[in-house]
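S.K.: To start, I am sharing the structure in question, which I have written as C-alpha coordinates.
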Amino acid sequence: MKTVKTILGVLVFALMLTTVSCKDASKEDTTTKTEQAEKKEYASAYVCPMHCEGGGSDAEGKCPKCGMAYVKNENYKKEETHDNDKKEMAMNSNQDGNAEMVLKDYFNLKDALVSDDEAKAKGFGAVLKKSLRNLDVSKYTDEQQTELKEIIEDAVEHAEHISESPMTHQREHFKILSKDVTDMVAITGTSNTLYEQFCPMYDKGSAWLSMSKEVRNPYYGSKMLKCGKVQKEIN
Amino acid sequence: MKIVKNIVLVLLVAFVGIQFIPTKRNQSDTIPVTDFILVNNVPNNIKRKLQVSCYDCHSNNTNYPWYNKTQPVAWFLEDHIKEGKSELNFSEWDSLSNRRKASKLRSIIKQIESNKMPLESYTSIHKDAEFSEEEKSTIIKWITQLKDSL
(Lines give C-alpha, C1' and ligand atoms only; values in the text may rest on other atoms or scores of the structure.)
Protein backbone atom coordinates (compact mmCIF):
# COMPACT_ATOMS: atom_id res chain seq x y z
CA MET A 1 0.00 0.00 0.00
CA LYS A 2 2.77 2.34 0.91
CA THR A 3 4.59 1.90 -2.38
CA VAL A 4 1.40 2.55 -4.30
CA LYS A 5 0.99 5.80 -2.42
CA THR A 6 4.57 6.82 -3.13
CA ILE A 7 4.19 6.05 -6.81
CA LEU A 8 1.00 8.04 -6.92
CA GLY A 9 2.67 10.95 -5.18
CA VAL A 10 5.56 10.86 -7.61
CA LEU A 11 3.21 10.74 -10.56
CA VAL A 12 1.28 13.77 -9.35
CA PHE A 13 4.50 15.61 -8.85
CA ALA A 14 5.80 14.61 -12.27
CA LEU A 15 2.57 15.88 -13.76
CA MET A 16 3.02 19.22 -12.03
CA LEU A 17 6.52 19.47 -13.40
CA THR A 18 5.46 18.72 -16.94
CA THR A 19 2.57 21.19 -16.87
CA VAL A 20 4.93 23.94 -15.84
CA SER A 21 7.58 23.06 -18.35
CA CYS A 22 5.00 22.61 -21.11
CA LYS A 23 3.64 26.05 -20.40
CA ASP A 24 7.07 27.59 -20.68
CA ALA A 25 7.93 25.61 -23.76
CA SER A 26 4.84 26.63 -25.67
CA LYS A 27 5.51 30.26 -24.82
CA GLU A 28 9.05 30.12 -26.08
CA ASP A 29 7.86 28.39 -29.15
CA THR A 30 5.50 31.17 -30.14
CA THR A 31 8.07 33.88 -29.55
CA THR A 32 10.70 32.18 -31.63
CA LYS A 33 8.18 31.59 -34.37
CA THR A 34 7.16 35.23 -34.56
CA GLU A 35 10.76 36.30 -34.36
CA GLN A 36 11.63 33.94 -37.15
CA ALA A 37 8.82 35.21 -39.27
CA GLU A 38 10.11 38.75 -39.02
CA LYS A 39 13.75 37.97 -39.64
CA LYS A 40 15.32 38.32 -43.03
CA GLU A 41 16.99 34.93 -42.73
CA TYR A 42 13.54 33.37 -42.64
CA ALA A 43 11.26 35.81 -44.40
CA SER A 44 13.14 36.52 -47.64
CA ALA A 45 12.08 35.17 -51.02
CA TYR A 46 15.21 33.03 -51.16
CA VAL A 47 16.73 31.75 -47.94
CA CYS A 48 19.78 29.81 -46.87
CA PRO A 49 18.77 26.22 -45.98
CA MET A 50 20.68 26.66 -42.72
CA HIS A 51 19.09 30.08 -42.05
CA CYS A 52 22.52 31.57 -41.35
CA GLU A 53 22.63 35.02 -39.82
CA GLY A 54 22.72 37.62 -42.57
CA GLY A 55 21.47 35.13 -45.16
CA GLY A 56 18.40 35.48 -47.33
CA SER A 57 17.78 37.61 -50.41
CA ASP A 58 15.19 38.65 -52.98
CA ALA A 59 17.02 36.74 -55.73
CA GLU A 60 18.75 33.40 -56.12
CA GLY A 61 22.35 33.13 -54.96
CA LYS A 62 24.64 31.81 -52.29
CA CYS A 63 24.62 32.33 -48.56
CA PRO A 64 27.45 34.73 -47.61
CA LYS A 65 28.08 32.82 -44.43
CA CYS A 66 28.12 29.12 -45.25
CA GLY A 67 28.28 29.26 -49.05
CA MET A 68 25.27 27.00 -49.60
CA ALA A 69 22.93 27.81 -52.50
CA TYR A 70 19.76 29.60 -51.54
CA VAL A 71 16.47 27.73 -51.69
CA LYS A 72 13.12 29.18 -52.56
CA ASN A 73 11.16 30.16 -49.46
CA GLU A 74 7.75 28.53 -49.55
CA ASN A 75 6.42 30.75 -46.81
CA TYR A 76 7.36 33.89 -48.66
CA LYS A 77 4.55 36.35 -49.47
CA LYS A 78 2.01 34.10 -47.86
CA GLU A 79 0.68 37.10 -45.99
CA GLU A 80 -0.50 38.77 -49.15
CA THR A 81 -2.50 35.83 -50.31
CA HIS A 82 -4.44 35.52 -47.08
CA ASP A 83 -8.17 36.04 -47.09
CA ASN A 84 -9.67 39.43 -47.78
CA ASP A 85 -10.08 40.45 -44.18
CA LYS A 86 -6.41 40.18 -43.47
CA LYS A 87 -5.55 42.00 -46.66
CA GLU A 88 -7.90 44.77 -45.74
CA MET A 89 -6.37 44.93 -42.29
CA ALA A 90 -2.82 45.04 -43.59
CA MET A 91 -3.66 47.89 -45.93
CA ASN A 92 -5.15 49.81 -43.08
CA SER A 93 -2.09 49.92 -40.86
CA ASN A 94 -1.05 53.50 -40.33
CA GLN A 95 1.93 54.28 -42.55
CA ASP A 96 1.69 58.06 -42.64
CA GLY A 97 0.94 58.38 -38.94
CA ASN A 98 -2.09 60.58 -39.29
CA ALA A 99 -5.27 60.73 -37.29
CA GLU A 100 -7.49 59.86 -40.28
CA MET A 101 -5.98 56.39 -40.34
CA VAL A 102 -6.64 55.93 -36.63
CA LEU A 103 -10.23 56.93 -37.26
CA LYS A 104 -10.55 54.54 -40.17
CA ASP A 105 -9.33 51.64 -38.07
CA TYR A 106 -11.58 52.73 -35.23
CA PHE A 107 -14.61 52.68 -37.55
CA ASN A 108 -13.66 49.25 -38.85
CA LEU A 109 -13.55 48.05 -35.27
CA LYS A 110 -16.88 49.71 -34.51
CA ASP A 111 -18.49 48.03 -37.54
CA ALA A 112 -17.16 44.65 -36.41
CA LEU A 113 -18.80 45.18 -33.02
CA VAL A 114 -22.03 46.30 -34.68
CA SER A 115 -22.12 43.03 -36.61
CA ASP A 116 -21.28 40.98 -33.48
CA ASP A 117 -18.09 39.69 -35.09
CA GLU A 118 -15.67 38.90 -32.30
CA ALA A 119 -12.85 37.60 -34.48
CA LYS A 120 -12.95 40.59 -36.80
CA ALA A 121 -13.03 42.97 -33.83
CA LYS A 122 -9.94 41.23 -32.47
CA GLY A 123 -8.15 41.75 -35.76
CA PHE A 124 -9.09 45.39 -36.08
CA GLY A 125 -8.19 45.94 -32.43
CA ALA A 126 -4.66 44.82 -33.26
CA VAL A 127 -4.56 47.04 -36.37
CA LEU A 128 -5.82 50.02 -34.42
CA LYS A 129 -3.15 49.47 -31.81
CA LYS A 130 -0.53 49.78 -34.52
CA SER A 131 -1.99 52.88 -36.15
CA LEU A 132 -2.30 54.54 -32.75
CA ARG A 133 1.34 53.84 -32.03
CA ASN A 134 2.30 55.29 -35.40
CA LEU A 135 0.37 58.51 -34.88
CA ASP A 136 2.77 61.36 -35.50
CA VAL A 137 2.27 64.03 -32.83
CA SER A 138 5.23 66.25 -33.75
CA LYS A 139 3.17 68.84 -35.62
CA TYR A 140 1.14 69.80 -32.56
CA THR A 141 1.92 72.22 -29.73
CA ASP A 142 3.74 70.96 -26.65
CA GLU A 143 0.58 70.96 -24.61
CA GLN A 144 -1.34 69.06 -27.28
CA GLN A 145 1.52 66.61 -27.64
CA THR A 146 1.42 65.74 -23.95
CA GLU A 147 -2.29 65.17 -24.10
CA LEU A 148 -2.13 63.20 -27.33
CA LYS A 149 0.56 60.98 -25.88
CA GLU A 150 -1.61 60.27 -22.86
CA ILE A 151 -4.57 59.55 -25.10
CA ILE A 152 -2.53 57.21 -27.28
CA GLU A 153 -1.06 55.37 -24.30
CA ASP A 154 -4.51 54.76 -22.89
CA ALA A 155 -6.12 53.91 -26.22
CA VAL A 156 -3.34 51.47 -27.15
CA GLU A 157 -4.05 49.52 -23.99
CA HIS A 158 -7.75 49.30 -24.76
CA ALA A 159 -7.09 48.31 -28.37
CA GLU A 160 -4.74 45.62 -27.12
CA HIS A 161 -7.36 44.23 -24.76
CA ILE A 162 -9.91 44.24 -27.56
CA SER A 163 -7.49 42.28 -29.73
CA GLU A 164 -7.38 39.43 -27.21
CA SER A 165 -10.72 39.38 -25.40
CA PRO A 166 -14.20 37.93 -25.85
CA MET A 167 -16.94 40.21 -27.16
CA THR A 168 -18.44 41.39 -23.83
CA HIS A 169 -15.01 42.50 -22.71
CA GLN A 170 -14.28 44.06 -26.10
CA ARG A 171 -17.34 46.26 -25.70
CA GLU A 172 -16.32 47.36 -22.22
CA HIS A 173 -13.01 48.53 -23.57
CA PHE A 174 -14.59 50.04 -26.67
CA LYS A 175 -16.47 52.45 -24.44
CA ILE A 176 -13.32 54.02 -22.99
CA LEU A 177 -11.52 53.72 -26.31
CA SER A 178 -14.33 55.76 -27.87
CA LYS A 179 -13.75 58.50 -25.35
CA ASP A 180 -10.04 58.49 -26.11
CA VAL A 181 -10.63 58.69 -29.84
CA THR A 182 -13.19 61.49 -29.39
CA ASP A 183 -10.66 63.46 -27.36
CA MET A 184 -8.05 62.79 -30.02
CA VAL A 185 -10.29 64.19 -32.75
CA ALA A 186 -10.86 67.31 -30.62
CA ILE A 187 -7.13 67.99 -31.01
CA THR A 188 -6.28 66.60 -34.42
CA GLY A 189 -9.51 67.44 -36.21
CA THR A 190 -10.74 65.47 -39.21
CA SER A 191 -11.81 66.23 -42.76
CA ASN A 192 -14.98 64.13 -42.49
CA THR A 193 -18.20 64.87 -40.70
CA LEU A 194 -18.52 62.59 -37.69
CA TYR A 195 -21.48 61.87 -35.48
CA GLU A 196 -21.11 61.31 -31.78
CA GLN A 197 -23.85 58.86 -30.88
CA PHE A 198 -25.11 57.83 -27.50
CA CYS A 199 -26.80 54.75 -26.08
CA PRO A 200 -28.39 55.50 -22.69
CA MET A 201 -28.69 51.82 -21.80
CA TYR A 202 -25.20 50.39 -22.01
CA ASP A 203 -23.22 50.81 -18.77
CA LYS A 204 -25.15 53.87 -17.54
CA GLY A 205 -24.86 55.52 -20.91
CA SER A 206 -22.10 55.13 -23.49
CA ALA A 207 -21.04 57.14 -26.52
CA TRP A 208 -19.24 56.28 -29.74
CA LEU A 209 -18.31 57.88 -33.04
CA SER A 210 -19.74 57.11 -36.44
CA MET A 211 -19.35 58.27 -40.03
CA SER A 212 -23.06 58.05 -40.76
CA LYS A 213 -25.99 59.69 -39.08
CA GLU A 214 -27.94 56.46 -38.84
CA VAL A 215 -27.55 54.73 -35.47
CA ARG A 216 -25.97 51.27 -35.49
CA ASN A 217 -25.23 50.29 -31.92
CA PRO A 218 -21.76 48.75 -31.35
CA TYR A 219 -22.49 47.94 -27.69
CA TYR A 220 -25.47 45.69 -28.35
CA GLY A 221 -25.11 44.75 -32.02
CA SER A 222 -28.04 42.84 -33.45
CA LYS A 223 -29.70 42.72 -30.02
CA MET A 224 -30.56 46.41 -30.13
CA LEU A 225 -29.15 47.60 -33.39
CA LYS A 226 -30.90 50.94 -33.54
CA CYS A 227 -30.79 51.89 -29.88
CA GLY A 228 -29.29 55.34 -29.42
CA LYS A 229 -29.33 58.85 -30.77
CA VAL A 230 -27.02 61.38 -32.36
CA GLN A 231 -25.61 63.47 -29.56
CA LYS A 232 -23.32 65.78 -31.41
CA GLU A 233 -22.15 66.55 -34.90
CA ILE A 234 -18.43 67.02 -35.39
CA ASN A 235 -17.52 69.32 -38.33
CA MET B 1 10.50 -2.77 -7.29
CA LYS B 2 14.02 -1.62 -7.97
CA ILE B 3 12.83 0.44 -10.94
CA VAL B 4 10.29 2.23 -8.79
CA LYS B 5 12.93 3.02 -6.26
CA ASN B 6 15.19 4.39 -8.94
CA ILE B 7 12.46 6.57 -10.40
CA VAL B 8 11.63 7.93 -6.99
CA LEU B 9 15.28 8.65 -6.38
CA VAL B 10 15.73 10.46 -9.70
CA LEU B 11 12.63 12.57 -9.14
CA LEU B 12 13.70 13.39 -5.63
CA VAL B 13 17.08 14.55 -6.86
CA ALA B 14 15.37 16.60 -9.57
CA PHE B 15 13.03 18.14 -7.02
CA VAL B 16 15.87 19.08 -4.71
CA GLY B 17 17.91 20.23 -7.70
CA ILE B 18 15.36 22.69 -9.05
CA GLN B 19 15.18 24.34 -5.65
CA PHE B 20 18.60 25.79 -6.34
CA ILE B 21 17.54 27.51 -9.54
CA PRO B 22 17.03 31.08 -8.46
CA THR B 23 13.79 32.92 -9.13
CA LYS B 24 13.40 36.64 -8.93
CA ARG B 25 11.27 37.41 -5.91
CA ASN B 26 8.82 40.23 -6.16
CA GLN B 27 9.78 41.98 -2.94
CA SER B 28 11.06 45.39 -1.99
CA ASP B 29 11.82 47.01 1.36
CA THR B 30 10.69 50.48 0.46
CA ILE B 31 7.26 51.72 -0.48
CA PRO B 32 7.69 53.95 -3.52
CA VAL B 33 6.30 57.49 -3.40
CA THR B 34 4.01 56.56 -6.28
CA ASP B 35 2.19 53.89 -4.25
CA PHE B 36 -1.60 53.93 -4.51
CA ILE B 37 -2.18 53.80 -0.75
CA LEU B 38 0.44 56.45 -0.14
CA VAL B 39 -0.88 59.04 -2.60
CA ASN B 40 -4.58 58.47 -2.00
CA ASN B 41 -6.33 58.97 1.27
CA VAL B 42 -7.48 55.36 1.63
CA PRO B 43 -9.75 54.46 4.56
CA ASN B 44 -8.27 51.77 6.79
CA ASN B 45 -10.69 48.98 5.97
CA ILE B 46 -10.19 49.43 2.22
CA LYS B 47 -6.45 49.75 2.66
CA ARG B 48 -6.30 46.40 4.43
CA LYS B 49 -8.48 44.75 1.81
CA LEU B 50 -6.36 46.06 -1.04
CA GLN B 51 -3.19 44.81 0.59
CA VAL B 52 -4.59 41.37 1.34
CA SER B 53 -6.56 40.84 -1.87
CA CYS B 54 -4.67 42.75 -4.56
CA TYR B 55 -1.14 43.72 -3.62
CA ASP B 56 0.33 40.21 -3.89
CA CYS B 57 0.09 40.32 -7.68
CA HIS B 58 -0.46 44.01 -8.38
CA SER B 59 2.41 45.67 -6.53
CA ASN B 60 6.17 45.42 -6.15
CA ASN B 61 5.80 43.58 -2.90
CA THR B 62 4.41 40.06 -2.69
CA ASN B 63 3.77 38.36 0.60
CA TYR B 64 5.08 34.83 -0.03
CA PRO B 65 3.94 31.87 2.05
CA TRP B 66 6.55 29.09 2.31
CA TYR B 67 5.03 26.86 -0.37
CA ASN B 68 5.28 29.66 -2.87
CA LYS B 69 9.02 29.74 -2.36
CA THR B 70 9.23 26.09 -3.42
CA GLN B 71 9.79 25.09 -7.02
CA PRO B 72 8.02 24.52 -9.34
CA VAL B 73 5.25 26.56 -7.69
CA ALA B 74 7.51 29.60 -7.53
CA TRP B 75 8.03 29.55 -11.31
CA PHE B 76 4.35 29.45 -11.98
CA LEU B 77 3.87 32.33 -9.58
CA GLU B 78 6.62 34.44 -11.08
CA ASP B 79 4.85 34.42 -14.45
CA HIS B 80 1.60 35.20 -12.81
CA ILE B 81 2.85 38.20 -10.88
CA LYS B 82 4.59 39.55 -13.95
CA GLU B 83 1.33 39.49 -15.84
CA GLY B 84 -0.59 41.01 -12.94
CA LYS B 85 1.84 43.88 -12.63
CA SER B 86 1.83 44.62 -16.33
CA GLU B 87 -1.93 45.13 -16.17
CA LEU B 88 -1.93 47.14 -12.97
CA ASN B 89 0.82 48.01 -10.53
CA PHE B 90 -0.35 49.83 -7.42
CA SER B 91 3.25 50.61 -6.50
CA GLU B 92 3.61 52.79 -9.59
CA TRP B 93 0.15 54.28 -9.45
CA ASP B 94 1.06 57.94 -9.35
CA SER B 95 3.23 57.72 -12.45
CA LEU B 96 0.09 57.29 -14.54
CA SER B 97 -1.71 60.19 -16.18
CA ASN B 98 -5.18 61.04 -14.91
CA ARG B 99 -6.66 59.58 -18.07
CA ARG B 100 -4.96 56.27 -17.44
CA LYS B 101 -5.85 56.34 -13.76
CA ALA B 102 -9.52 56.76 -14.63
CA SER B 103 -9.20 53.92 -17.13
CA LYS B 104 -7.58 51.63 -14.58
CA LEU B 105 -10.12 52.48 -11.88
CA ARG B 106 -12.93 51.72 -14.29
CA SER B 107 -11.36 48.34 -15.04
CA ILE B 108 -10.86 47.63 -11.33
CA ILE B 109 -14.55 48.29 -10.69
CA LYS B 110 -15.57 46.05 -13.60
CA GLN B 111 -13.29 43.23 -12.47
CA ILE B 112 -14.51 43.28 -8.87
CA GLU B 113 -18.14 43.72 -9.88
CA SER B 114 -18.06 40.68 -12.15
CA ASN B 115 -16.09 38.57 -9.63
CA LYS B 116 -13.22 38.17 -12.08
CA MET B 117 -10.81 39.51 -9.50
CA PRO B 118 -9.36 38.37 -7.19
CA LEU B 119 -8.77 35.18 -9.16
CA GLU B 120 -10.46 32.07 -7.89
CA SER B 121 -7.18 30.19 -7.92
CA TYR B 122 -5.92 32.79 -5.50
CA THR B 123 -8.90 33.05 -3.16
CA SER B 124 -9.13 29.26 -2.86
CA ILE B 125 -5.81 29.37 -1.01
CA HIS B 126 -6.13 32.85 0.48
CA LYS B 127 -9.56 32.76 2.06
CA ASP B 128 -9.13 36.22 3.57
CA ALA B 129 -8.69 37.70 0.09
CA GLU B 130 -12.29 36.96 -0.84
CA PHE B 131 -14.73 39.85 -1.13
CA SER B 132 -18.05 39.65 0.67
CA GLU B 133 -20.96 41.37 -1.07
CA GLU B 134 -20.73 44.14 1.49
CA GLU B 135 -17.02 44.60 0.98
CA LYS B 136 -17.57 44.65 -2.75
CA SER B 137 -20.08 47.47 -2.62
CA THR B 138 -17.96 49.46 -0.13
CA ILE B 139 -14.85 49.27 -2.26
CA ILE B 140 -16.67 49.92 -5.54
CA LYS B 141 -18.34 52.97 -4.06
CA TRP B 142 -15.04 54.32 -2.83
CA ILE B 143 -13.21 53.68 -6.09
CA THR B 144 -16.04 55.32 -8.05
CA GLN B 145 -15.67 58.41 -5.88
CA LEU B 146 -11.94 58.44 -6.47
CA LYS B 147 -12.48 58.11 -10.22
CA ASP B 148 -14.97 60.97 -10.30
CA SER B 149 -12.62 63.20 -8.31
CA LEU B 150 -9.82 62.88 -10.87
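Residue numbering restarts at 1 for every chain of the C-alpha coordinates, chains are lettered A, B, ... in their displayed order, and ligands are numbered from 1 as they appear.
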Check which residues of chain B sit at most 8 Å from chain A using only C-alpha atoms, and return one row each with the closest pair of atoms and their distance in Å to one decimal, ordered by chain and rising number, as a tab-separated table.
M.R.:
```
residue	atom	partner	partner_atom	distance
B:Val4	CA	A:Ile7	CA	7.5
B:Val8	CA	A:Val10	CA	6.8
B:Leu11	CA	A:Val10	CA	7.4
B:Pro72	CA	A:Leu17	CA	6.6
B:Trp75	CA	A:Val20	CA	7.9
B:Phe76	CA	A:Val20	CA	6.8
B:Ser97	CA	A:Glu150	CA	6.7
B:Arg99	CA	A:Glu150	CA	7.0
B:Arg100	CA	A:Asp154	CA	5.7
B:Ser103	CA	A:Ile176	CA	7.2
```
S.K.: Using only C-alpha atoms, which residues sit within 9 Å of Lys120 (chain A) once same-chain residues fewer than 6 positions away are excluded, as a list in words?
M.R.: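 Residues meeting the cut-off are Asp85, Asn108, Leu109, Ala112 and Leu113 of chain A.
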S.K.: For a quick check of understanding, using only C-alpha atoms, which of B:Asn115, B:Ala129, B:Glu135, B:Ser86 has the smallest distance to Ser53 (chain B)?
M.R.: B:Ala129
S.K.: So which residues touch Trp93 (chain B) within 12 Å, counting only C-alpha atoms, skipping near sequence neighbours fewer than 2 positions away, as a list in words?
M.R.: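 Skipping anything fewer than 2 positions along the chain leaves Ile31, Pro32, Val33, Thr34, Asp35, Phe36, Ile37, Leu38, Val39, Asn40, His58, Ser59, Asn60, Lys85, Ser86, Glu87, Leu88, Asn89, Phe90, Ser91, Ser95, Leu96, Ser97, Asn98, Arg100, Lys101, Ala102, Lys104 and Leu105 of chain B.
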S.K.: CA of Lys24 (chain B) and CA of Leu119 (chain B) are how many Å apart?
M.R.: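 Value for the CA of Lys24 (chain B)-CA of Leu119 (chain B) distance: 22.2 Å.
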S.K.: What is the distance, in Å and to one decimal place, between CA of Arg171 (chain A) and CA of Cys54 (chain B)?
M.R.: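 Between CA of Arg171 (chain A) and CA of Cys54 (chain B) the gap is 24.9 Å.
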S.K.: Calculate how many Å separate CA of Phe107 (chain A) from CA of Gln145 (chain A), rounding to one decimal.
M.R.: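 Rounded to one decimal, the two atoms are 23.5 Å apart.
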S.K.: Report as an NGL selection string: the residues of region 39-141 of chain B with a DSSP assignment of helix (DSSP H, G or I), based on the backbone of this structure.
M.R.: :B and (39 or 44-53 or 55-58 or 66-69 or 73-87 or 90-95 or 98-113 or 120-123 or 127-129 or 133-141)
